[in-house]
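As provided, protein.txt (compact mmCIF, C-alpha atoms and all ligand atoms) reads as follows.
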# COMPACT_ATOMS: atom_id res chain seq x y z
CA MET L 25 116.02 107.74 83.67
CA TYR L 26 115.19 111.11 85.20
CA THR L 27 111.99 112.85 84.17
CA LEU L 28 112.10 116.45 83.02
CA GLU L 29 110.33 117.49 86.24
CA GLN L 30 112.99 115.78 88.37
CA LEU L 31 115.70 117.51 86.37
CA HIS L 32 113.98 120.88 86.86
CA GLU L 33 113.93 120.30 90.63
CA GLU L 34 117.64 119.44 90.59
CA ILE L 35 118.42 122.64 88.67
CA LYS L 36 116.44 124.72 91.17
CA ARG L 37 118.63 123.35 93.99
CA CYS L 38 121.92 123.52 92.07
CA THR L 39 125.00 125.11 93.66
CA ARG L 40 127.48 123.96 91.03
CA CYS L 41 128.68 127.47 90.11
CA PRO L 42 128.80 130.87 91.89
CA LEU L 43 125.65 132.12 90.13
CA HIS L 44 123.53 130.28 92.69
CA LYS L 45 124.58 132.84 95.31
CA THR L 46 122.98 135.80 93.53
CA ARG L 47 119.96 134.22 91.84
CA ARG L 48 116.42 134.65 93.12
CA ASN L 49 115.18 131.67 91.11
CA ALA L 50 116.90 129.26 88.80
CA VAL L 51 115.19 129.06 85.39
CA PRO L 52 115.21 125.44 84.21
CA GLY L 53 113.00 125.82 81.12
CA GLU L 54 109.40 125.24 80.10
CA GLY L 55 107.15 123.88 77.36
CA SER L 56 106.00 120.48 76.15
CA GLY L 57 108.49 120.22 73.28
CA ARG L 58 105.63 118.58 71.38
CA LEU L 59 106.85 119.97 68.06
CA GLY L 60 110.29 118.45 68.57
CA ILE L 61 111.90 121.87 68.69
CA MET L 62 113.92 123.48 71.49
CA ILE L 63 114.78 127.16 71.69
CA VAL L 64 117.94 127.91 73.66
CA GLY L 65 118.97 131.39 74.74
CA GLU L 66 121.93 132.63 76.73
CA ALA L 67 120.91 133.11 80.39
CA PRO L 68 117.99 134.47 82.44
CA GLY L 69 117.59 138.23 82.86
CA SER L 70 115.95 140.15 85.67
CA SER L 71 112.30 139.23 84.90
CA GLU L 72 113.20 135.59 84.35
CA ASP L 73 115.16 135.50 87.62
CA GLU L 74 112.16 136.99 89.41
CA GLN L 75 109.59 134.58 87.92
CA GLY L 76 111.72 131.43 87.44
CA ARG L 77 110.52 131.24 83.81
CA PRO L 78 112.48 131.72 80.56
CA PHE L 79 111.94 134.62 78.15
CA VAL L 80 109.31 136.56 80.11
CA GLY L 81 110.91 140.04 79.86
CA ALA L 82 111.20 142.39 76.90
CA ALA L 83 113.20 139.92 74.79
CA GLY L 84 110.63 137.24 75.62
CA SER L 85 107.84 139.53 74.55
CA LEU L 86 109.49 139.96 71.13
CA LEU L 87 109.98 136.20 70.87
CA ASN L 88 106.34 135.57 71.80
CA LYS L 89 105.09 138.11 69.26
CA THR L 90 107.21 136.56 66.50
CA LEU L 91 106.02 133.04 67.38
CA SER L 92 102.44 134.21 67.44
CA THR L 93 102.81 135.85 63.99
CA LEU L 94 104.09 132.50 62.71
CA GLY L 95 101.14 130.66 64.25
CA VAL L 96 103.33 128.67 66.64
CA GLU L 97 102.17 128.02 70.22
CA ARG L 98 105.03 128.82 72.59
CA GLY L 99 103.91 125.96 74.86
CA ASP L 100 104.46 123.43 72.05
CA LEU L 101 108.19 124.21 72.05
CA TYR L 102 110.66 123.72 74.88
CA ILE L 103 112.36 126.99 75.81
CA THR L 104 115.46 127.23 77.97
CA ASN L 105 118.90 128.83 78.25
CA VAL L 106 122.45 127.54 78.23
CA VAL L 107 122.97 128.96 81.75
CA LYS L 108 120.06 128.49 84.14
CA CYS L 109 120.79 131.26 86.69
CA ARG L 110 121.04 134.99 86.06
CA PRO L 111 124.53 136.47 85.80
CA PRO L 112 124.59 139.65 87.95
CA GLY L 113 123.80 142.77 85.94
CA ASN L 114 122.96 140.59 82.92
CA ARG L 115 126.63 140.25 82.07
CA THR L 116 127.64 137.53 79.62
CA PRO L 117 128.14 134.23 81.43
CA THR L 118 131.78 133.19 81.82
CA ARG L 119 133.27 130.18 80.09
CA GLU L 120 133.38 128.43 83.49
CA GLU L 121 129.69 129.12 84.19
CA VAL L 122 128.72 127.78 80.76
CA ALA L 123 130.82 124.68 81.32
CA ALA L 124 129.29 124.11 84.78
CA CYS L 125 125.72 124.42 83.51
CA LEU L 126 125.99 122.72 80.12
CA PRO L 127 125.39 119.19 81.52
CA TYR L 128 121.82 120.26 82.35
CA LEU L 129 121.16 121.26 78.74
CA LEU L 130 122.60 117.94 77.59
CA ARG L 131 120.24 116.10 79.92
CA GLN L 132 117.29 118.16 78.68
CA ILE L 133 118.21 117.15 75.12
CA GLU L 134 118.58 113.52 76.19
CA ILE L 135 115.10 113.52 77.77
CA LEU L 136 113.24 115.58 75.15
CA ARG L 137 115.05 114.22 72.06
CA PRO L 138 114.33 117.28 69.87
CA ARG L 139 114.84 117.05 66.12
CA ARG L 140 115.85 120.71 65.94
CA ILE L 141 117.44 123.18 68.35
CA ILE L 142 117.26 126.89 67.63
CA ALA L 143 120.22 128.68 69.20
CA LEU L 144 119.58 132.35 69.97
CA GLY L 145 122.73 134.49 70.00
CA ALA L 146 126.46 133.94 70.22
CA VAL L 147 126.70 132.23 73.62
CA SER L 148 124.05 129.65 72.74
CA ALA L 149 125.41 129.09 69.23
CA GLY L 150 128.97 128.76 70.56
CA ALA L 151 127.99 126.28 73.27
CA LEU L 152 125.74 124.14 71.06
CA LEU L 153 127.87 124.11 67.93
CA GLY L 154 130.90 123.41 70.14
CA LEU L 155 129.19 120.14 71.07
CA ILE L 156 129.36 119.03 67.44
CA GLY L 157 132.91 120.25 66.95
CA ARG L 158 132.27 123.64 65.34
CA GLN L 159 133.95 126.80 66.53
CA VAL L 160 131.97 130.04 66.35
CA GLU L 161 133.95 133.27 65.95
CA ARG L 162 130.97 135.56 65.34
CA VAL L 163 127.26 134.79 65.35
CA GLY L 164 127.01 136.53 61.95
CA ASP L 165 129.11 133.71 60.46
CA VAL L 166 126.56 131.02 61.36
CA ARG L 167 123.28 132.97 61.57
CA GLY L 168 120.53 131.64 59.33
CA LYS L 169 122.26 128.27 58.98
CA CYS L 170 121.55 124.78 60.31
CA PHE L 171 124.14 122.19 61.25
CA ARG L 172 123.52 118.49 61.74
CA GLY L 173 125.18 116.49 64.49
CA LYS L 174 124.71 114.14 67.42
CA VAL L 175 124.27 115.70 70.85
CA ALA L 176 123.69 113.59 73.99
CA GLY L 177 123.10 110.60 71.70
CA VAL L 178 120.37 112.45 69.76
CA ASP L 179 120.55 113.33 66.04
CA VAL L 180 119.71 117.02 65.92
CA GLU L 181 119.83 120.04 63.67
CA ILE L 182 121.25 123.12 65.34
CA CYS L 183 119.98 126.30 63.68
CA VAL L 184 121.22 129.76 64.60
CA THR L 185 119.68 133.20 64.69
CA TYR L 186 120.09 136.39 66.66
CA HIS L 187 119.13 136.69 70.32
CA PRO L 188 115.90 138.75 70.59
CA ALA L 189 117.69 141.09 73.03
CA ALA L 190 120.10 141.96 70.19
CA VAL L 191 117.11 142.54 67.90
CA LEU L 192 115.63 144.94 70.47
CA ARG L 193 118.92 146.85 70.53
CA ASN L 194 119.10 146.89 66.74
CA PRO L 195 115.60 146.91 65.18
CA ARG L 196 117.09 146.51 61.69
CA LEU L 197 117.65 142.85 62.60
CA ARG L 198 113.93 142.29 63.20
CA GLY L 199 113.08 141.11 59.66
CA THR L 200 116.00 138.69 59.51
CA PHE L 201 115.13 137.30 62.94
CA ALA L 202 111.52 136.68 61.90
CA GLU L 203 112.58 135.10 58.58
CA ASP L 204 115.02 132.77 60.35
CA LEU L 205 112.40 131.66 62.87
CA ALA L 206 109.85 131.14 60.08
CA ALA L 207 112.30 128.86 58.25
CA PHE L 208 113.43 126.99 61.35
CA LEU L 209 109.94 126.51 62.80
CA GLY L 210 108.16 125.82 59.55
CA GLY L 211 110.27 122.85 58.55
CA GLY L 212 112.10 125.09 56.11
CA GLY L 213 115.76 125.72 56.34
CA LEU L 214 116.38 122.56 54.33
CA GLU L 215 118.43 124.62 51.95
CA ARG L 216 120.33 126.04 54.87
CA TYR L 217 122.27 122.96 55.97
CA PHE L 218 126.01 123.12 56.32
S1 LIG L 301 124.01 128.52 86.52
FE1 LIG L 301 123.73 126.30 86.26
S2 LIG L 301 125.56 125.37 87.20
FE2 LIG L 301 125.40 127.49 87.98
S3 LIG L 301 124.25 127.31 89.90
FE3 LIG L 301 122.76 127.77 88.26
S4 LIG L 301 121.99 125.76 87.59
FE4 LIG L 301 123.88 125.41 88.75

Encoding of this model in structure tokens:
Amino acid sequence: MYTLEQLHEEIKRCTRCPLHKTRRNAVPGEGSGRLGIMIVGEAPGSSEDEQGRPFVGAAGSLLNKTLSTLGVERGDLYITNVVKCRPPGNRTPTREEVAACLPYLLRQIEILRPRRIIALGAVSAGALLGLIGRQVERVGDVRGKCFRGKVAGVDVEICVTYHPAAVLRNPRLRGTFAEDLAAFLGGGGLERYF
């Protein structure tokens, strides 16, 4: 079986969808995953594309601050995105781009075998919950909830909250975002299964 490092190298060389033409760096993901938790966002933005690392821009800064408040080391998680290369102008990735890139996320799950995946935002929630047969109309319908299922042969809980970029655009979501992460990272959320 591939190691995570080998998979990261493959992602960096990937030309499977048109996003490879405009990227500066692919952003495979990072972190030890030691806590058995993955965080999955939508796609890299400008700072991530420049550095080849996930969540290092303004949204990443909010995520880091929230994790730090909760006493969670970012490096103990595994942080990635559904789509590994930046869509030009930070547009939403197309259905085709998500479909082309999703096999990499499945392989990351297969290697890391997380017990819980936190999906940030509608694209991530839609892609991940789609893997266990759930359709997502609006992120508000599934936010704050956890769903059990088998993904890539691994029994996981998929828990949904807002994308930190949405929280930056709408600061009123900040408290809910922090409460969701506290529940999902603290082993809570047990009352949130659906
Ligand atoms: S977005 Fe994914 S599928 Fe498309 S080129 Fe990048 S790594 Fe490959």

inquiry  = Quick check, in Å to one decimal: how far apart do atom CA of Glu54 of chain L and atom CA of Arg140 of chain L lie?
reply    = 16.2 Å

Closest pair table for chain L residues within 6 Å of ligand LIG 301 (chain L), all atoms listed in the file, as a Markdown table:
| residue | atom | partner | partner_atom | distance |
| --- | --- | --- | --- | --- |
| L:Ile35 | CA | L:LIG301 | S4 | 4.9 |
| L:Cys38 | CA | L:LIG301 | FE4 | 4.3 |
| L:Thr39 | CA | L:LIG301 | S3 | 4.4 |
| L:Arg40 | CA | L:LIG301 | FE4 | 4.5 |
| L:Cys41 | CA | L:LIG301 | FE2 | 3.9 |
| L:Leu43 | CA | L:LIG301 | S3 | 5.0 |
| L:His44 | CA | L:LIG301 | S3 | 4.1 |
| L:Val107 | CA | L:LIG301 | S1 | 4.9 |
| L:Lys108 | CA | L:LIG301 | S1 | 4.6 |
| L:Cys109 | CA | L:LIG301 | S1 | 4.2 |
| L:Glu121 | CA | L:LIG301 | FE2 | 6.0 |
| L:Ala124 | CA | L:LIG301 | S2 | 4.6 |
| L:Cys125 | CA | L:LIG301 | S2 | 3.8 |

query = Between atom CA of Gly57 of chain L and atom CA of Arg110 of chain L, what is the spacing in Å?
reply =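 Computing it gives 23.2 Å between the two atoms.
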
key: Computed interatomic separation between atom CA of Tyr102 of chain L and atom CA of Leu129 of chain L (Å)   =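 Distance reported for this atom pair: 11.5 Å.
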
request  = Excluding Leu91 of chain L and residues on its chain fewer than 3 positions from it, collect all residues at most 9 Å away from it, counting only C-alpha atoms, and give them as a list of chain:residue names.
outcome  =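 In the requested format, the answer is L:Leu86, L:Leu87, L:Asn88, L:Leu94, L:Gly95, L:Val96, L:Glu97, L:Arg98, L:Ala202, L:Leu205, L:Ala206, L:Leu209.
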
query = Which of these residues is nearest to Ala82 of chain L, using only C-alpha atoms: L:Thr46, L:Ser70, L:Gln159, L:Asn194?
reply =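 Among L:Thr46, L:Ser70, L:Gln159, L:Asn194, it is L:Ser70 that comes nearest to Ala82 of chain L.
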
ask   = Looking at L:Arg137, L:Arg77, L:Arg172, L:Arg58, which one is nearest to Leu152 of chain L, with distances taken over all atoms listed in the file?
value =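 Checking each of L:Arg137, L:Arg77, L:Arg172, L:Arg58 against Leu152 of chain L, counting all atoms listed in the file, the winner is L:Arg172.
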
remark   = Across L:Leu31, L:Leu192, L:Leu144, L:Val64, the smallest distance to Asp204 of chain L, with only C-alpha atoms counted, is shown by L:Leu144

message = Using only C-alpha atoms for the distances, tell me which of L:Val160, L:Val122, L:Ala143, L:Ala50 is nearest to Gly65 of chain L.
response =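 Smallest separation from Gly65 of chain L among the options: L:Ala143.
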
request  = Measuring atom to atom with all atoms listed in the file, identify which of L:Gly157, L:Pro111, L:Gly84, L:Gly168 is nearest to Ile142 of chain L.
outcome  =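 Result for the nearest residue to Ile142 of chain L: L:Gly168.
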
So for segment 130-139 of chain L, what box centre and size do we get, axis-aligned, 8 Å extra on each of the six sides, every listed atom, Å to one decimal, as JSON?
{"center_x": 117.9, "center_y": 115.8, "center_z": 73.0, "size_x": 25.4, "size_y": 20.6, "size_z": 29.8}

key: Within 10 Å of Gln75 of chain L using only C-alpha atoms, minus same-chain residues under 4 positions, as a list in words   = Arg48, Asn49, Ala50, Val51, Ser70, Ser71, Val80 and Gly81 of chain L

Using only C-alpha atoms: which of L:Gly173, L:Gly150, L:Pro112, L:Gly76 has the shortest distance to Pro42 of chain L =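 Once distances to Pro42 of chain L are computed over only C-alpha atoms, the minimum belongs to L:Pro112.
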
key: Exercise: Glu134 of chain L partners within 8 Å, only C-alpha atoms, chain neighbours under 5 positions left out, as a list of chain:residue names   =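 That gives L:Ala176, L:Gly177, L:Val178.
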